[in-house]
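Have a look at coords.cif below; it lists mmCIF, C-alpha atoms, pLDDT in the B column; chains and numbers go by the auth columns.
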```
data_input
loop_
_atom_site.group_PDB
_atom_site.id
_atom_site.type_symbol
_atom_site.label_atom_id
_atom_site.label_comp_id
_atom_site.label_asym_id
_atom_site.label_seq_id
_atom_site.Cartn_x
_atom_site.Cartn_y
_atom_site.Cartn_z
_atom_site.B_iso_or_equiv
_atom_site.auth_seq_id
_atom_site.auth_asym_id
ATOM 1 C CA MET A 1 -15.420 -53.041 -17.721 49.00 1 A
ATOM 2 C CA PHE A 2 -15.346 -51.520 -14.226 42.00 2 A
ATOM 3 C CA PHE A 3 -11.539 -51.096 -14.321 42.00 3 A
ATOM 4 C CA ALA A 4 -11.656 -49.615 -17.836 42.00 4 A
ATOM 5 C CA THR A 5 -14.183 -47.028 -16.628 37.00 5 A
ATOM 6 C CA GLN A 6 -12.004 -46.250 -13.585 39.00 6 A
ATOM 7 C CA ARG A 7 -8.932 -45.807 -15.782 40.00 7 A
ATOM 8 C CA LEU A 8 -10.817 -43.548 -18.171 33.00 8 A
ATOM 9 C CA LEU A 9 -12.056 -41.469 -15.245 33.00 9 A
ATOM 10 C CA ALA A 10 -8.521 -41.255 -13.807 34.00 10 A
ATOM 11 C CA VAL A 11 -7.122 -40.116 -17.177 31.00 11 A
ATOM 12 C CA PHE A 12 -9.870 -37.485 -17.458 31.00 12 A
ATOM 13 C CA VAL A 13 -9.099 -36.153 -13.950 30.00 13 A
ATOM 14 C CA LEU A 14 -5.361 -36.013 -14.701 30.00 14 A
ATOM 15 C CA LEU A 15 -5.916 -34.190 -17.990 29.00 15 A
ATOM 16 C CA ALA A 16 -8.304 -31.718 -16.379 31.00 16 A
ATOM 17 C CA SER A 17 -5.811 -31.089 -13.564 30.00 17 A
ATOM 18 C CA ALA A 18 -2.943 -30.591 -16.021 31.00 18 A
ATOM 19 C CA ALA A 19 -5.025 -28.150 -18.052 31.00 19 A
ATOM 20 C CA ALA A 20 -5.908 -26.178 -14.931 31.00 20 A
ATOM 21 C CA ILE A 21 -2.270 -26.031 -13.844 28.00 21 A
ATOM 22 C CA ALA A 22 -1.101 -25.040 -17.328 32.00 22 A
ATOM 23 C CA GLY A 23 -3.651 -22.203 -17.434 33.00 23 A
ATOM 24 C CA ALA A 24 -2.798 -20.873 -13.985 34.00 24 A
ATOM 25 C CA GLN A 25 -0.485 -17.899 -13.828 40.00 25 A
ATOM 26 C CA PRO A 26 2.238 -17.682 -11.217 48.00 26 A
ATOM 27 C CA PHE A 27 1.324 -15.313 -8.388 56.00 27 A
ATOM 28 C CA GLY A 28 3.972 -12.811 -9.461 54.00 28 A
ATOM 29 C CA ASN A 29 2.461 -12.557 -12.948 56.00 29 A
ATOM 30 C CA GLN A 30 -0.785 -11.399 -11.376 61.00 30 A
ATOM 31 C CA LEU A 31 0.938 -8.441 -9.722 68.00 31 A
ATOM 32 C CA GLN A 32 1.028 -5.183 -11.589 73.00 32 A
ATOM 33 C CA PRO A 33 3.074 -2.048 -11.071 70.00 33 A
ATOM 34 C CA GLY A 34 1.450 0.075 -8.427 81.00 34 A
ATOM 35 C CA SER A 35 0.021 -2.827 -6.419 91.00 35 A
ATOM 36 C CA VAL A 36 0.218 -2.753 -2.637 96.00 36 A
ATOM 37 C CA VAL A 37 0.980 -5.871 -0.604 97.00 37 A
ATOM 38 C CA LEU A 38 -0.093 -5.745 3.044 98.00 38 A
ATOM 39 C CA ILE A 39 1.696 -8.426 5.071 98.00 39 A
ATOM 40 C CA ARG A 40 0.824 -9.357 8.617 98.00 40 A
ATOM 41 C CA HIS A 41 4.042 -9.740 10.601 98.00 41 A
ATOM 42 C CA ALA A 42 5.437 -13.251 10.857 98.00 42 A
ATOM 43 C CA GLN A 43 4.745 -15.607 13.765 97.00 43 A
ATOM 44 C CA ALA A 44 5.101 -13.926 17.177 97.00 44 A
ATOM 45 C CA PRO A 45 3.536 -16.049 19.931 94.00 45 A
ATOM 46 C CA GLY A 46 0.772 -14.510 22.033 91.00 46 A
ATOM 47 C CA VAL A 47 -1.863 -11.823 21.556 89.00 47 A
ATOM 48 C CA GLY A 48 -1.415 -8.069 21.864 85.00 48 A
ATOM 49 C CA ASP A 49 1.533 -6.842 23.891 86.00 49 A
ATOM 50 C CA PRO A 50 2.523 -7.177 27.550 86.00 50 A
ATOM 51 C CA ALA A 51 1.326 -4.555 30.056 86.00 51 A
ATOM 52 C CA ALA A 52 4.838 -3.048 30.275 89.00 52 A
ATOM 53 C CA PHE A 53 4.980 -2.513 26.496 92.00 53 A
ATOM 54 C CA ALA A 54 7.324 0.247 25.321 96.00 54 A
ATOM 55 C CA LEU A 55 7.619 1.033 21.625 95.00 55 A
ATOM 56 C CA ASN A 56 11.356 1.704 21.857 95.00 56 A
ATOM 57 C CA ASP A 57 12.182 -1.481 23.820 97.00 57 A
ATOM 58 C CA CYS A 58 11.854 -4.804 21.995 96.00 58 A
ATOM 59 C CA LYS A 59 12.269 -6.696 25.285 95.00 59 A
ATOM 60 C CA THR A 60 8.810 -5.437 26.332 95.00 60 A
ATOM 61 C CA GLN A 61 7.065 -6.615 23.148 96.00 61 A
ATOM 62 C CA ARG A 62 5.940 -9.818 21.509 95.00 62 A
ATOM 63 C CA ASN A 63 8.706 -10.733 19.104 96.00 63 A
ATOM 64 C CA LEU A 64 9.253 -13.229 16.331 98.00 64 A
ATOM 65 C CA ASN A 65 10.175 -16.716 17.448 97.00 65 A
ATOM 66 C CA ASP A 66 12.378 -19.059 15.392 98.00 66 A
ATOM 67 C CA GLU A 67 9.390 -20.082 13.262 98.00 67 A
ATOM 68 C CA GLY A 68 8.555 -16.406 12.717 98.00 68 A
ATOM 69 C CA ARG A 69 12.069 -15.633 11.500 98.00 69 A
ATOM 70 C CA ALA A 70 11.935 -18.664 9.182 98.00 70 A
ATOM 71 C CA GLN A 71 8.514 -17.525 7.955 98.00 71 A
ATOM 72 C CA ALA A 72 9.869 -14.021 7.243 98.00 72 A
ATOM 73 C CA ALA A 73 12.745 -15.562 5.280 98.00 73 A
ATOM 74 C CA ARG A 74 10.212 -17.599 3.247 96.00 74 A
ATOM 75 C CA ILE A 75 8.234 -14.434 2.508 96.00 75 A
ATOM 76 C CA GLY A 76 11.332 -12.746 1.114 96.00 76 A
ATOM 77 C CA GLU A 77 12.344 -15.822 -0.866 94.00 77 A
ATOM 78 C CA PHE A 78 8.830 -16.074 -2.291 90.00 78 A
ATOM 79 C CA PHE A 79 8.992 -12.519 -3.637 90.00 79 A
ATOM 80 C CA ARG A 80 12.507 -13.036 -5.019 91.00 80 A
ATOM 81 C CA GLN A 81 11.368 -16.207 -6.832 88.00 81 A
ATOM 82 C CA GLN A 82 8.447 -14.320 -8.363 83.00 82 A
ATOM 83 C CA ARG A 83 10.887 -11.679 -9.632 83.00 83 A
ATOM 84 C CA VAL A 84 8.476 -9.015 -8.525 77.00 84 A
ATOM 85 C CA PRO A 85 10.101 -5.571 -8.278 87.00 85 A
ATOM 86 C CA VAL A 86 9.630 -4.122 -4.796 93.00 86 A
ATOM 87 C CA ASP A 87 9.948 -0.321 -4.786 94.00 87 A
ATOM 88 C CA ALA A 88 9.405 0.288 -1.090 97.00 88 A
ATOM 89 C CA VAL A 89 8.850 -1.563 2.173 98.00 89 A
ATOM 90 C CA TRP A 90 6.996 0.226 4.948 99.00 90 A
ATOM 91 C CA SER A 91 6.626 -1.141 8.439 99.00 91 A
ATOM 92 C CA SER A 92 4.945 -0.276 11.688 98.00 92 A
ATOM 93 C CA GLN A 93 7.336 0.697 14.466 98.00 93 A
ATOM 94 C CA TRP A 94 6.711 -2.534 16.417 98.00 94 A
ATOM 95 C CA CYS A 95 9.757 -4.794 16.659 98.00 95 A
ATOM 96 C CA ARG A 96 7.990 -7.842 15.170 98.00 96 A
ATOM 97 C CA THR A 97 6.959 -5.958 12.019 98.00 97 A
ATOM 98 C CA ARG A 98 10.375 -4.358 11.649 99.00 98 A
ATOM 99 C CA GLU A 99 12.118 -7.726 12.008 99.00 99 A
ATOM 100 C CA THR A 100 9.743 -9.347 9.509 99.00 100 A
ATOM 101 C CA ALA A 101 10.487 -6.571 7.001 99.00 101 A
ATOM 102 C CA ASP A 102 14.242 -6.661 7.632 99.00 102 A
ATOM 103 C CA VAL A 103 14.504 -10.440 7.217 99.00 103 A
ATOM 104 C CA ALA A 104 12.228 -10.584 4.155 98.00 104 A
ATOM 105 C CA PHE A 105 13.397 -7.409 2.404 98.00 105 A
ATOM 106 C CA PRO A 106 16.860 -6.457 3.743 98.00 106 A
ATOM 107 C CA GLY A 107 17.770 -2.785 3.551 97.00 107 A
ATOM 108 C CA LEU A 108 14.391 -1.562 2.279 96.00 108 A
ATOM 109 C CA ARG A 109 12.375 -0.919 5.454 98.00 109 A
ATOM 110 C CA VAL A 110 11.064 2.538 6.336 98.00 110 A
ATOM 111 C CA ASP A 111 8.959 2.885 9.498 98.00 111 A
ATOM 112 C CA LYS A 112 5.511 4.474 9.148 98.00 112 A
ATOM 113 C CA ALA A 113 3.626 5.165 12.389 98.00 113 A
ATOM 114 C CA ALA A 114 0.283 5.104 10.551 98.00 114 A
ATOM 115 C CA PHE A 115 0.680 1.315 10.367 99.00 115 A
ATOM 116 C CA ASN A 116 1.337 0.866 14.106 98.00 116 A
ATOM 117 C CA SER A 117 -1.025 -1.497 15.899 96.00 117 A
ATOM 118 C CA PHE A 118 -4.079 -0.012 17.578 95.00 118 A
ATOM 119 C CA PHE A 119 -5.044 -3.338 19.183 92.00 119 A
ATOM 120 C CA GLY A 120 -4.699 -1.868 22.689 89.00 120 A
ATOM 121 C CA GLU A 121 -6.273 1.470 21.701 90.00 121 A
ATOM 122 C CA PRO A 122 -9.320 0.704 19.538 92.00 122 A
ATOM 123 C CA ASP A 123 -10.600 4.292 19.799 95.00 123 A
ATOM 124 C CA SER A 124 -7.664 5.395 17.639 95.00 124 A
ATOM 125 C CA ALA A 125 -8.580 2.959 14.842 97.00 125 A
ATOM 126 C CA PRO A 126 -10.635 5.345 12.642 97.00 126 A
ATOM 127 C CA ASP A 127 -8.051 8.158 12.623 97.00 127 A
ATOM 128 C CA GLN A 128 -5.116 5.809 12.213 97.00 128 A
ATOM 129 C CA THR A 129 -6.825 3.890 9.405 98.00 129 A
ATOM 130 C CA ARG A 130 -7.555 7.181 7.627 98.00 130 A
ATOM 131 C CA ALA A 131 -3.866 8.116 7.940 98.00 131 A
ATOM 132 C CA ALA A 132 -2.786 4.714 6.600 98.00 132 A
ATOM 133 C CA ARG A 133 -5.181 4.973 3.652 97.00 133 A
ATOM 134 C CA ALA A 134 -3.901 8.482 2.896 97.00 134 A
ATOM 135 C CA LEU A 135 -0.331 7.137 2.704 97.00 135 A
ATOM 136 C CA LEU A 136 -1.444 4.297 0.422 97.00 136 A
ATOM 137 C CA ASN A 137 -3.392 6.701 -1.804 94.00 137 A
ATOM 138 C CA ALA A 138 -0.417 9.075 -2.084 94.00 138 A
ATOM 139 C CA TRP A 139 2.012 6.329 -3.077 93.00 139 A
ATOM 140 C CA GLN A 140 2.976 6.495 -6.764 89.00 140 A
ATOM 141 C CA GLY A 141 5.714 3.882 -7.172 88.00 141 A
ATOM 142 C CA THR A 142 6.313 1.929 -10.357 85.00 142 A
ATOM 143 C CA GLY A 143 6.740 -1.455 -8.633 89.00 143 A
ATOM 144 C CA LEU A 144 5.226 -2.925 -5.497 93.00 144 A
ATOM 145 C CA LEU A 145 4.719 -1.234 -2.173 97.00 145 A
ATOM 146 C CA VAL A 146 5.025 -3.799 0.629 98.00 146 A
ATOM 147 C CA VAL A 147 3.615 -2.825 4.036 99.00 147 A
ATOM 148 C CA VAL A 148 4.398 -5.050 7.019 99.00 148 A
ATOM 149 C CA THR A 149 1.825 -4.346 9.706 99.00 149 A
ATOM 150 C CA HIS A 150 -0.655 -5.971 12.074 97.00 150 A
ATOM 151 C CA GLN A 151 -3.878 -7.963 11.759 98.00 151 A
ATOM 152 C CA VAL A 152 -6.043 -5.122 13.111 98.00 152 A
ATOM 153 C CA ASN A 153 -4.636 -2.660 10.581 98.00 153 A
ATOM 154 C CA ILE A 154 -5.063 -4.991 7.607 98.00 154 A
ATOM 155 C CA THR A 155 -8.591 -5.861 8.716 98.00 155 A
ATOM 156 C CA ALA A 156 -9.507 -2.168 9.105 98.00 156 A
ATOM 157 C CA ILE A 157 -8.196 -1.363 5.622 97.00 157 A
ATOM 158 C CA THR A 158 -9.467 -4.449 3.754 97.00 158 A
ATOM 159 C CA GLY A 159 -11.966 -6.409 5.859 97.00 159 A
ATOM 160 C CA VAL A 160 -9.612 -9.418 5.603 97.00 160 A
ATOM 161 C CA VAL A 161 -8.429 -11.163 8.782 97.00 161 A
ATOM 162 C CA PRO A 162 -4.961 -12.412 7.774 97.00 162 A
ATOM 163 C CA ALA A 163 -2.927 -15.168 9.396 96.00 163 A
ATOM 164 C CA SER A 164 0.604 -14.463 10.583 97.00 164 A
ATOM 165 C CA GLY A 165 2.807 -13.917 7.539 97.00 165 A
ATOM 166 C CA GLU A 166 -0.145 -13.786 5.135 97.00 166 A
ATOM 167 C CA ALA A 167 -0.056 -11.231 2.313 96.00 167 A
ATOM 168 C CA VAL A 168 -3.098 -9.357 1.009 96.00 168 A
ATOM 169 C CA VAL A 169 -2.592 -7.830 -2.445 95.00 169 A
ATOM 170 C CA LEU A 170 -4.447 -4.633 -3.261 96.00 170 A
ATOM 171 C CA LYS A 171 -4.999 -3.025 -6.642 92.00 171 A
ATOM 172 C CA ARG A 172 -6.385 0.423 -7.284 89.00 172 A
ATOM 173 C CA GLU A 173 -9.712 0.381 -9.117 89.00 173 A
ATOM 174 C CA ALA A 174 -11.674 3.556 -9.727 90.00 174 A
ATOM 175 C CA GLY A 175 -9.633 5.347 -7.078 85.00 175 A
ATOM 176 C CA GLN A 176 -10.245 2.690 -4.410 90.00 176 A
ATOM 177 C CA TRP A 177 -7.972 -0.079 -3.132 91.00 177 A
ATOM 178 C CA LYS A 178 -9.550 -3.479 -3.749 94.00 178 A
ATOM 179 C CA VAL A 179 -8.404 -6.885 -2.499 95.00 179 A
ATOM 180 C CA PHE A 180 -7.024 -8.756 -5.489 92.00 180 A
ATOM 181 C CA ALA A 181 -5.346 -11.794 -3.963 92.00 181 A
ATOM 182 C CA ARG A 182 -4.220 -13.426 -0.736 93.00 182 A
ATOM 183 C CA VAL A 183 -1.147 -15.581 -0.342 88.00 183 A
ATOM 184 C CA SER A 184 0.570 -17.434 2.472 84.00 184 A
ATOM 185 C CA PRO A 185 4.116 -18.233 1.366 67.00 185 A
#
```
Translate this file's structure into structure tokens.
Amino acid sequence: MFFATQRLLAVFVLLASAAAIAGAQPFGNQLQPGSVVLIRHAQAPGVGDPAAFALNDCKTQRNLNDEGRAQAARIGEFFRQQRVPVDAVWSSQWCRTRETADVAFPGLRVDKAAFNSFFGEPDSAPDQTRAARALLNAWQGTGLLVVVTHQVNITAITGVVPASGEAVVLKREAGQWKVFARVSP
């Protein structure tokens, strides 16, 4: 009797799991034209940037390591598998965000200074976040807008603290950008 009950319970769990999986939509099906995807740059060891940081010199910055480049490739592959149309890819001017964008979405990157990190200059956060939001609000594409930026920028815009390579999907509701989903490919 005990084993019959265990088997019945196991069958119930399997059926419930199968029903849940069958009812789940793929991530790409949840995306709608006009959505914005904020992606924190892929893995770049360390925190902040070295004291000798220069925006125009990648040798002075934290950069993607091998895992970061592999992570960026997975991000791009994830979006290709979802068959999600990407209209535009914006990036901060930091080398690690540019490389993430270039590996994940070859040939689409456009640099936007409003998405540059303000980690070392927190007093600039309010003005820079306003500028970033203005760019997002002005965007009128028919597919996705992907923005590769930094943790501090994503947190300022959404309140979400993303992991390296994590994507935060925003949808416009009543004129405001709302967090719709998070994904770590």
Size and centre in Å, one decimal, axis-aligned box, all listed segment 61-72 of chain A atoms plus 8 Å per side, as AutoDock Vina command-line options:
```
--center_x 9.2 --center_y -13.3 --center_z 15.2 --size_x 22.4 --size_y 29.5 --size_z 31.9
```
Atom CA of Arg40 of chain A to atom CA of Gln140 of chain A: how many Å, to one decimal?
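Interatomic distance, atom CA of Arg40 of chain A to atom CA of Gln140 of chain A: 22.2 Å.
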Closest of A:Arg62, A:His150, A:His41, A:Arg98 to Ser184 of chain A, counting all atoms listed in the file, is A:His41
Kindly provide the residues of segment 47-113 of chain A that approach segment 151-173 of chain A to within 9 Å, each paired with its closest atom pair and their distance in Å to one decimal, based on only C-alpha atoms, listed by chain and increasing number, as CSV.
```
residue,atom,partner,partner_atom,distance
A:Gly68,CA,A:Gly165,CA,8.1
A:Gln71,CA,A:Gly165,CA,6.8
A:Ala72,CA,A:Gly165,CA,7.1
A:Ile75,CA,A:Gly165,CA,7.4
A:Thr100,CA,A:Gly165,CA,8.5
```
Select, from A:Thr129, A:Gln32, A:Ser91, A:Gln81, the residue with the minimum atom-to-atom distance to Leu108 of chain A, counting all atoms listed in the file.
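Ranked by minimum distance to Leu108 of chain A, first place goes to A:Ser91.
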Hey, can you check how far atom CA of Lys112 of chain A sits from atom CA of Gly141 of chain A?
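According to the coordinates, atom CA of Lys112 of chain A and atom CA of Gly141 of chain A are separated by 16.3 Å.
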Can you translate the PyMOL selection byres ((chain A and resi 49) around 10) into the concrete residues it hits in this file, as a short mmCIF file (atom, residue, chain, number, x, y, z; two decimals) with C-alpha atoms, in the coordinates of the input?
```cif
data_model
loop_
_atom_site.label_atom_id
_atom_site.label_comp_id
_atom_site.auth_asym_id
_atom_site.auth_seq_id
_atom_site.Cartn_x
_atom_site.Cartn_y
_atom_site.Cartn_z
CA GLY A 46 0.77 -14.51 22.03
CA VAL A 47 -1.86 -11.82 21.56
CA GLY A 48 -1.42 -8.07 21.86
CA PRO A 50 2.52 -7.18 27.55
CA ALA A 51 1.33 -4.56 30.06
CA ALA A 52 4.84 -3.05 30.28
CA PHE A 53 4.98 -2.51 26.50
CA ALA A 54 7.32 0.25 25.32
CA THR A 60 8.81 -5.44 26.33
CA GLN A 61 7.06 -6.62 23.15
CA ARG A 62 5.94 -9.82 21.51
CA ASN A 63 8.71 -10.73 19.10
CA SER A 117 -1.02 -1.50 15.90
CA PHE A 119 -5.04 -3.34 19.18
CA GLY A 120 -4.70 -1.87 22.69
#
```
What is the distance between atom CA of Gly143 of chain A and atom CA of Cys95 of chain A, in Å to one decimal?
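It comes out at 25.7 Å.
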For Ala132 of chain A, which residue out of A:Gln82, A:Asn65, A:Ser92, A:Thr97 is the nearest one, using all atoms listed in the file?
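When distances to Ala132 of chain A are compared using all atoms listed in the file, the smallest one comes from A:Ser92.
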Given the PyMOL selection byres ((chain A and resi 84) around 8) and the file above, list the residues it selects as a list of chain:residue names.
A:Gly28, A:Leu31, A:Phe79, A:Arg80, A:Gln81, A:Gln82, A:Arg83, A:Pro85, A:Val86, A:Gly143, A:Leu144
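Closest to Ala101 of chain A among A:Ala174, A:Leu136, A:Val89, A:Pro33 is A:Val89, based on only C-alpha atoms.
Closest approach to Asn56 of chain A among A:Gln176, A:Ala44, A:Gln93, A:Ala114: A:Gln93, based on all atoms listed in the file.
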Given the point (-0.8, 1.7, -4.7) in the coordinates of this file, which residues lie within 6 Å, counting all atoms listed in the file, and how would they look as a PyMOL selection string?
chain A and resi 34-36+136+139
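Residue nearest Ala104 of chain A within the list A:Asp87, A:Glu77, A:Asp57, A:Asp127: A:Glu77 [criterion: smallest interatomic distance, all atoms listed in the file].
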